[in-house]
Structures are given as structure tokens and as C-alpha cells.
Amino acid sequence: MGPLQAGFVIAGFGEREFTPRLYSYQIEEMVNNIPRCGRATEQKIDINNTAVIVPFAQQEMVHLFMEGIDIQLRDYMHTSTVTLFNGVLDLILDAVGRSDSQLGERLGGIVRPEIKKMLDNLAEEWKKGSQNLWAPIIHLVASLPKDELASMAEALVNLTSFRRRVMPERETVGGPIDVAVITKGDGFVWVRRKHYFEATLNPRVMARYTQGE
């Protein structure tokens, strides 16, 4: 998400929906007094898609938890591997070309497409290896009870908060975390909610909140 963008997420059940849906949008600057808005993510739970984990904003720790590798490190490994293969090939072709330029050109025309296929296959194997890590987690999430789903979501946010606290980056996640669960039968239910005051010291205020729900 760019510096001039903001996002919002809508999740829950429609009146005629028996399974949840999620939509996220990105809003940019105004054009002719109309905000630019685009749909970034759409997810629907159905018989073919029984569970999803969708991170927003600071996503790196969720990707690390799910895929077993930091997303920046993964991209660096891919880029450096491509650079290494192409660099070795260039050295070989340069040495051959100094002895026979025509042979060097013919060899480059044959080998370069094959190197690209090899790198594409390697990236696909890495992708499959990553899927072998996150697929069992998704399968487990599909069968977790509501309270454990809430605890898992809170734990992932806490991981992001801890990383931001110990890294030199700006700490944009932290403090008490609000946790809620949305179900078809119960609707929107707070699991954990912070207040600007200590709840145990203000029973009358909490009573008014309880009566108003």
C-alpha cells in the first residue's frame, strides 16, 4: 500500500448468505472530488474454499508464520539465484566467444531459454514447498472453534507488534488488541475489547454498556 493510500475491510454475512465473505478496498487521492477506490481482495467461504487467512497492512509476520520464510528474504533469494545463474552463463559464453564468436552466439541462443525454464521450475518448486507448509494450517483453521480462531488472530497481531517493537522500523502496531468474532447465529461478538478506563474499577459504566447491548 502506497503512502497516499488507505484501506478498509468489510467482512460478515449478507441477509441471504450462509457463509461469510470478505471484501477489502484501497482508497487513493481525490479526482474531481471523487475518491479513487479499487477492490484489492475478495474472499468467500464455500465448499471449495473452507478457510482463508488474509493479512492486511503490516503482513510480513503472517506470511512468515504461514510460509516459513520472510517474504523479503524469499524475494531476495529468487533475485540472487537468477543473477547467479545468468552471471555464470555470461562468463561461460564470454570465454567461448573469445575463441569462437559464432559458437558463443549459437550456444547463448540455445542455453539462455533453457536456463530460464530451469529458473521458472525452481521458483515453482519453492512455491510448492511453501504450500506444503501453509496448506495444513488452512485445513486446521477450517475446523477450529470460534474461541480458538479469535486467539489465533490475536496471536498473529501480537507477533507483528513484537517484530515492530524490536526492529528499527517505525512501530505502527502495538498496544491493547481488540478481538471480535462474526458468526451467522450470534452476529458480531466482542471477544476482547479495550476501554480507556479500567473495567473492574467502573462497574456502573460497564453495567450501562451491558444493558445497552
# chains A, B, ... in the order shown; residues from 1 in each chain; ligands from 1

call {"tool": "residues_around", "arguments": {"residues": "stretch 135-151 of chain A", "least_positions_apart": "3", "cutoff": "6 Å", "atoms": "only C-alpha atoms", "output": "MDAnalysis selection string"}}
result
chainID A and resid 50:51 131:132 154

call {"tool": "write_last_selection", "arguments": {"atoms": "C-alpha atoms", "output": "CSV table (one decimal), in the first residue's frame"}}
result
chain,number,residue,atom,x,y,z
A,50,THR,CA,-13.3,-23.8,3.5
A,51,ALA,CA,-11.0,-21.3,5.2
A,131,GLN,CA,2.3,-24.6,0.1
A,132,ASN,CA,3.2,-27.8,1.9
A,154,GLU,CA,-4.8,-12.1,18.2

call {"tool": "residues_around", "arguments": {"residues": "A:His78", "least_positions_apart": "4", "cutoff": "12 Å", "atoms": "only C-alpha atoms", "output": "count of residues only"}}
result
17

call {"tool": "residues_around", "arguments": {"residues": "A:Ala40", "least_positions_apart": "5", "cutoff": "8 Å", "atoms": "only C-alpha atoms", "output": "list in words"}}
result
Tyr23, Ser24, Tyr25 and Gln26 of chain A

call {"tool": "closest_residue", "arguments": {"among": "A:Trp190, A:Thr81, A:Met61, A:Ile69", "to": "A:Lys116", "atoms": "only C-alpha atoms"}}
result
A:Thr81
